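**Student:** Below you will find the structure I want to go over with you.
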Amino acid sequence: MDGQKPLPASPQQSIAPGTLTVRPLLLKPQWMNGLSERLLVSHYVNNYGGALRRLNAIRERLARLDWSRTPTFEINGLKREELIAAGSVVLHEVYFDSLGGQGDNPPTGRTEPPAGLARALERDFGSVMAWHAEFTAMAKALAGGSGWVILAWSERLGRLVNQWASDHAYGLPGATPILAIDMYEHAYHLDFGARAAAYVDQVMTNLNWPRIGARYRVATGEKAEGGLFIPYGAPAQDEARISAEELKAALENDEDRRPVLLDLCLPRDLPRRTDMLAGARMHAPAALERWVEELPRDRPIAVYCICGFQVSGTAVTELRRLGYDARALNGGITAWHAIGGATVPLDTSTYEQLDARELQEARG
Ligand SMILES: [Fe+2]
């Protein structure tokens, strides 16, 4: 097999300049501790995705604006909405990134801040417990209202601060959010009804302290640790991943240049699926030897699974080793939903019945 074949350039240039691309979920929504997949996915797709779509639409409008002829009320309205949408995007990304287990393991609720961040919390709040008491009290105080509570690093103040923020804005100028808790009703109502305090306690048992600690280190000028912010099991190289926006643009190409779409799903995850990308063929990852030969060698192949973790990641790594121009959809079909991408009802007619050996492999 020719594993050395040069692959075409990234399709990044095909998306409109200034488009902000969707950030994949790093948490595994089906394996959280007392926060349901339905709640987390709805929040990510509808509220985070909605803010991202709104921000990109506003930016597109602003790029076309004739500043000298536009009425001031229109300028004011667009710039206000841009700030709110941008704040919502950034804070939702901090929120979702701060949740989840390690790799394939669900959150245990027993992890603690890493040493450097723990020392900073002790320095600025007296103890980690005292910080925790203040942070959670502030969040619970927003019950029945809305807004964010943010742990942020302020270079000017020389300390970590807990701050309140409404309207997805009012961030302390110059401060970098390390951790944010979403206190808008959409963040908890599906699971907790009006019990906002129970939601706050549950969020605190789902924190991913290694990622929060890394965010603090980056904010204070230490080196970034990129690997922590890529979905678990996704290919590490940029060229082996494709964003939902890039895929959407690529699918608008001529028929002979469009990527071939491959929908991979573990047997146990089939009940979680209801739809797929139009034109995709659905296969079982464990039956790769049976479906790989149908794939063209002269076309890009976009591979997706539910959230873009190891199901598509492992397959893309193998396909690239075999010389195929395969890329994993960053964030999977969940990120596709978040950008408002169209889908069709799920078609499992091409999905393989697994033999005993494949079943064994599928169970890991
Ligand atoms: Fe939210």
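The way I read the labels, and the way they are meant: chains A, B, ... in the order of the structure tokens, residue 1 as the first residue of every chain, and ligand 1 as the first ligand shown, with later ones counted on from there.
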May I have the residues within 10 Å of Trp164 of chain A as number ranges by chain, using only C-alpha atoms and disregarding those fewer than 5 positions away in the same chain?
**Tutor:** A: 135, 138-139, 142, 147-151, 169-172, 180-181
**Student:** Find the nearest atom pair between each residue of chain A and ligand 1 for residues within 6 Å, count only C-alpha atoms and all ligand atoms, give distances in Å to one decimal, sort rows by chain and ascending number, and present the table as a Markdown table.
**Tutor:**
```
| residue | atom | partner | partner_atom_place_in_ligand_line | distance |
| --- | --- | --- | --- | --- |
| A:Asn47 | CA | ligand 1 | 1 (Fe) | 5.5 |
| A:Asp182 | CA | ligand 1 | 1 (Fe) | 5.5 |
| A:Tyr184 | CA | ligand 1 | 1 (Fe) | 5.9 |
| A:Ala187 | CA | ligand 1 | 1 (Fe) | 5.3 |
```
**Student:** For the residues in that selection, give me all heavy atoms as a compact mmCIF listing (two decimals), in the first residue's frame.
**Tutor:**
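selection.txt was written with the following content:
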```
# COMPACT_ATOMS: atom_id res chain seq x y z
N ASN A 47 -27.78 25.96 22.19
CA ASN A 47 -27.40 27.22 22.82
C ASN A 47 -25.99 27.64 22.42
O ASN A 47 -25.78 28.77 21.96
CB ASN A 47 -27.55 27.12 24.33
CG ASN A 47 -28.97 26.70 24.70
OD1 ASN A 47 -29.22 25.54 25.01
ND2 ASN A 47 -29.92 27.62 24.62
N ASP A 182 -22.44 27.84 33.77
CA ASP A 182 -23.57 28.42 33.06
C ASP A 182 -24.80 28.34 33.96
O ASP A 182 -25.23 27.25 34.33
CB ASP A 182 -23.79 27.60 31.77
CG ASP A 182 -24.79 28.22 30.83
OD1 ASP A 182 -25.63 29.01 31.29
OD2 ASP A 182 -24.73 27.89 29.62
N TYR A 184 -27.74 29.90 33.11
CA TYR A 184 -28.98 30.11 32.37
C TYR A 184 -29.82 28.84 32.53
O TYR A 184 -29.28 27.73 32.61
CB TYR A 184 -28.68 30.39 30.89
CG TYR A 184 -28.09 31.77 30.68
CD1 TYR A 184 -26.74 32.00 30.91
CD2 TYR A 184 -28.88 32.83 30.28
CE1 TYR A 184 -26.19 33.26 30.76
CE2 TYR A 184 -28.34 34.11 30.12
CZ TYR A 184 -26.99 34.32 30.36
OH TYR A 184 -26.45 35.57 30.21
N ALA A 187 -29.27 25.46 30.86
CA ALA A 187 -28.13 24.61 31.25
C ALA A 187 -28.55 23.49 32.20
O ALA A 187 -27.80 22.54 32.40
CB ALA A 187 -27.04 25.47 31.90
```
**Student:** Could you give me, as a PyMOL selection string, each residue of segment 95-156 of chain A that DSSP assigns to helix (DSSP H, G or I) when run on this structure's backbone?
**Tutor:** chain A and resi 95-97+115-125+128-140
**Student:** Take the residues that were just selected and, keeping N, CA and C atoms, output them as a JSON list (two decimals), in the first residue's frame.
**Tutor:**
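Writing done, so here's selection.json:
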```json
[["chain", "number", "residue", "atom", "x", "y", "z"],
["A", 95, "TYR", "N", -16.92, 26.47, 29.53],
["A", 95, "TYR", "CA", -17.80, 25.60, 30.33],
["A", 95, "TYR", "C", -17.68, 24.14, 29.90],
["A", 96, "PHE", "N", -17.92, 23.89, 28.61],
["A", 96, "PHE", "CA", -17.90, 22.49, 28.14],
["A", 96, "PHE", "C", -16.51, 21.88, 28.27],
["A", 97, "ASP", "N", -15.46, 22.67, 27.96],
["A", 97, "ASP", "CA", -14.09, 22.14, 28.09],
["A", 97, "ASP", "C", -13.76, 21.76, 29.53],
["A", 115, "ALA", "N", -1.57, 20.75, 41.31],
["A", 115, "ALA", "CA", -0.82, 21.44, 42.37],
["A", 115, "ALA", "C", -0.69, 22.96, 42.15],
["A", 116, "GLY", "N", -0.31, 23.37, 40.93],
["A", 116, "GLY", "CA", -0.08, 24.80, 40.68],
["A", 116, "GLY", "C", -1.35, 25.62, 40.88],
["A", 117, "LEU", "N", -2.46, 25.12, 40.37],
["A", 117, "LEU", "CA", -3.73, 25.84, 40.50],
["A", 117, "LEU", "C", -4.21, 25.79, 41.95],
["A", 118, "ALA", "N", -4.00, 24.65, 42.61],
["A", 118, "ALA", "CA", -4.41, 24.54, 44.03],
["A", 118, "ALA", "C", -3.66, 25.58, 44.87],
["A", 119, "ARG", "N", -2.35, 25.75, 44.60],
["A", 119, "ARG", "CA", -1.56, 26.75, 45.36],
["A", 119, "ARG", "C", -2.09, 28.15, 45.09],
["A", 120, "ALA", "N", -2.46, 28.43, 43.82],
["A", 120, "ALA", "CA", -2.98, 29.76, 43.48],
["A", 120, "ALA", "C", -4.33, 30.01, 44.16],
["A", 121, "LEU", "N", -5.18, 28.97, 44.24],
["A", 121, "LEU", "CA", -6.48, 29.12, 44.90],
["A", 121, "LEU", "C", -6.29, 29.36, 46.40],
["A", 122, "GLU", "N", -5.32, 28.66, 46.99],
["A", 122, "GLU", "CA", -5.02, 28.87, 48.42],
["A", 122, "GLU", "C", -4.51, 30.29, 48.66],
["A", 123, "ARG", "N", -3.63, 30.73, 47.76],
["A", 123, "ARG", "CA", -3.05, 32.08, 47.91],
["A", 123, "ARG", "C", -4.16, 33.15, 47.83],
["A", 124, "ASP", "N", -5.10, 32.97, 46.88],
["A", 124, "ASP", "CA", -6.06, 34.04, 46.60],
["A", 124, "ASP", "C", -7.38, 33.92, 47.36],
["A", 125, "PHE", "N", -7.68, 32.72, 47.89],
["A", 125, "PHE", "CA", -8.96, 32.56, 48.59],
["A", 125, "PHE", "C", -8.78, 31.98, 49.99],
["A", 128, "VAL", "N", -8.55, 25.87, 48.95],
["A", 128, "VAL", "CA", -9.38, 25.40, 47.83],
["A", 128, "VAL", "C", -10.83, 25.31, 48.28],
["A", 129, "MET", "N", -11.04, 24.86, 49.51],
["A", 129, "MET", "CA", -12.40, 24.75, 50.05],
["A", 129, "MET", "C", -13.09, 26.13, 50.10],
["A", 130, "ALA", "N", -12.32, 27.14, 50.52],
["A", 130, "ALA", "CA", -12.91, 28.49, 50.62],
["A", 130, "ALA", "C", -13.26, 29.01, 49.23],
["A", 131, "TRP", "N", -12.38, 28.74, 48.25],
["A", 131, "TRP", "CA", -12.72, 29.14, 46.88],
["A", 131, "TRP", "C", -14.00, 28.44, 46.43],
["A", 132, "HIS", "N", -14.06, 27.11, 46.69],
["A", 132, "HIS", "CA", -15.19, 26.29, 46.29],
["A", 132, "HIS", "C", -16.49, 26.84, 46.91],
["A", 133, "ALA", "N", -16.41, 27.20, 48.20],
["A", 133, "ALA", "CA", -17.60, 27.71, 48.90],
["A", 133, "ALA", "C", -18.09, 29.01, 48.26],
["A", 134, "GLU", "N", -17.16, 29.90, 47.93],
["A", 134, "GLU", "CA", -17.54, 31.18, 47.32],
["A", 134, "GLU", "C", -18.10, 30.98, 45.92],
["A", 135, "PHE", "N", -17.40, 30.17, 45.12],
["A", 135, "PHE", "CA", -17.79, 29.95, 43.72],
["A", 135, "PHE", "C", -19.18, 29.32, 43.63],
["A", 136, "THR", "N", -19.42, 28.29, 44.44],
["A", 136, "THR", "CA", -20.71, 27.60, 44.35],
["A", 136, "THR", "C", -21.83, 28.46, 44.95],
["A", 137, "ALA", "N", -21.52, 29.23, 45.99],
["A", 137, "ALA", "CA", -22.55, 30.12, 46.57],
["A", 137, "ALA", "C", -22.96, 31.18, 45.55],
["A", 138, "MET", "N", -21.98, 31.70, 44.82],
["A", 138, "MET", "CA", -22.30, 32.70, 43.78],
["A", 138, "MET", "C", -23.18, 32.09, 42.70],
["A", 139, "ALA", "N", -22.86, 30.84, 42.30],
["A", 139, "ALA", "CA", -23.65, 30.19, 41.25],
["A", 139, "ALA", "C", -25.08, 29.93, 41.75],
["A", 140, "LYS", "N", -25.19, 29.42, 42.98],
["A", 140, "LYS", "CA", -26.52, 29.11, 43.53],
["A", 140, "LYS", "C", -27.33, 30.38, 43.74]]
```
**Student:** Need to verify the contact set: Thr205 of chain A, 8 Å, only C-alpha atoms, exclusion of same-chain residues closer than 2 positions in sequence. Can you return it as a list in words?
**Tutor:** Asn33, Pro107, Thr108, Gly109, Arg110, Asp201, Gln202, Val203 and Leu207 of chain A
**Student:** Pick out the residues sitting within 10 Å of segment 337-353 of chain A, and hand them over as a PyMOL selection string; count only C-alpha atoms, and ignore anything fewer than 6 positions along from it in its own chain.
**Tutor:** chain A and resi 21-24+41-53+244-245+247-248+263-265+267+270+273-288+290-291+331+359
**Student:** Measure the distance from atom CA of Ala236 of chain A to atom CA of Gly103 of chain A in Å and round it to one decimal.
**Tutor:**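 That distance, rounded to one decimal, is 14.2 Å.
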**Student:** Of the candidates A:Leu40, A:Ala63, A:Ile178, A:Leu329, which shows the shortest atom-to-atom distance to Pro210 of chain A, using only C-alpha atoms?
**Tutor:**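 Looking at the shortest contact to Pro210 of chain A, the residue is A:Ile178.
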**Student:** Please build the interface table for segment 198-287 of chain A against segment 309-327 of chain A with a cut-off of 8 Å, listing for each qualifying residue the nearest atom pair and the distance in Å to one decimal; count only C-alpha atoms, order rows by chain and increasing number, and write it as a Markdown table.
**Tutor:**
```
| residue | atom | partner | partner_atom | distance |
| --- | --- | --- | --- | --- |
| A:Pro231 | CA | A:Phe309 | CA | 5.5 |
| A:Tyr232 | CA | A:Phe309 | CA | 5.3 |
| A:Gly233 | CA | A:Gln310 | CA | 3.9 |
| A:Ala234 | CA | A:Gly313 | CA | 4.3 |
| A:Pro235 | CA | A:Gly313 | CA | 5.4 |
| A:Glu239 | CA | A:Arg327 | CA | 7.3 |
| A:Ala240 | CA | A:Arg327 | CA | 4.6 |
| A:Arg241 | CA | A:Arg327 | CA | 4.7 |
| A:Ile242 | CA | A:Arg327 | CA | 5.9 |
| A:Leu264 | CA | A:Ser312 | CA | 6.5 |
| A:Cys265 | CA | A:Val311 | CA | 7.0 |
| A:Leu266 | CA | A:Val311 | CA | 7.4 |
| A:Pro285 | CA | A:Ala315 | CA | 6.9 |
```
**Student:** Could you write those residues out with N, CA and C atoms, as a short mmCIF file (atom, residue, chain, number, x, y, z; two decimals), in the first residue's frame?
**Tutor:**
```cif
data_model
loop_
_atom_site.label_atom_id
_atom_site.label_comp_id
_atom_site.auth_asym_id
_atom_site.auth_seq_id
_atom_site.Cartn_x
_atom_site.Cartn_y
_atom_site.Cartn_z
N PRO A 231 -10.34 16.18 21.08
CA PRO A 231 -11.19 15.08 21.58
C PRO A 231 -10.40 13.78 21.74
N TYR A 232 -10.68 13.07 22.82
CA TYR A 232 -9.97 11.82 23.11
C TYR A 232 -10.10 10.84 21.93
N GLY A 233 -8.96 10.39 21.43
CA GLY A 233 -8.97 9.40 20.35
C GLY A 233 -8.99 10.01 18.96
N ALA A 234 -9.17 11.33 18.85
CA ALA A 234 -9.16 11.96 17.52
C ALA A 234 -7.71 12.03 17.01
N PRO A 235 -7.51 12.01 15.68
CA PRO A 235 -6.14 12.09 15.18
C PRO A 235 -5.47 13.39 15.62
N GLU A 239 -4.12 17.87 9.70
CA GLU A 239 -4.55 17.48 8.36
C GLU A 239 -5.39 16.20 8.35
N ALA A 240 -5.46 15.53 9.50
CA ALA A 240 -6.30 14.33 9.57
C ALA A 240 -7.68 14.63 10.13
N ARG A 241 -7.95 15.91 10.37
CA ARG A 241 -9.26 16.31 10.88
C ARG A 241 -9.85 17.37 9.97
N ILE A 242 -11.18 17.43 9.91
CA ILE A 242 -11.86 18.45 9.11
C ILE A 242 -12.95 19.06 9.98
N LEU A 264 -19.56 6.06 10.84
CA LEU A 264 -19.16 4.89 11.64
C LEU A 264 -19.83 4.93 13.01
N CYS A 265 -20.29 3.77 13.44
CA CYS A 265 -21.00 3.73 14.73
C CYS A 265 -20.79 2.36 15.37
N LEU A 266 -20.48 2.35 16.65
CA LEU A 266 -20.38 1.08 17.38
C LEU A 266 -21.78 0.49 17.51
N PRO A 285 -17.36 -0.09 12.55
CA PRO A 285 -15.89 0.05 12.53
C PRO A 285 -15.18 -1.30 12.55
#
```
**Student:** Would you compute the distance between atom CA of Ile333 of chain A and atom CA of Ile306 of chain A? Give it in Å to one decimal.
**Tutor:** 5.3 Å
**Student:** Can you pull out the residues contacting Gly145 of chain A? Cut-off 9 Å, using only C-alpha atoms, and skip same-chain residues under 4 positions away; I want them as a short mmCIF file (atom, residue, chain, number, x, y, z; two decimals) with N, CA and C atoms, in the first residue's frame.
**Tutor:**
```cif
data_model
loop_
_atom_site.label_atom_id
_atom_site.label_comp_id
_atom_site.auth_asym_id
_atom_site.auth_seq_id
_atom_site.Cartn_x
_atom_site.Cartn_y
_atom_site.Cartn_z
N ALA A 141 -26.65 31.47 43.97
CA ALA A 141 -27.36 32.75 44.15
C ALA A 141 -28.03 33.20 42.86
N MET A 183 -25.34 29.50 34.31
CA MET A 183 -26.52 29.53 35.18
C MET A 183 -27.78 29.98 34.44
N TYR A 184 -27.74 29.90 33.11
CA TYR A 184 -28.98 30.11 32.37
C TYR A 184 -29.82 28.84 32.53
N GLU A 185 -31.12 29.01 32.54
CA GLU A 185 -32.01 27.88 32.82
C GLU A 185 -31.81 26.73 31.83
#
```
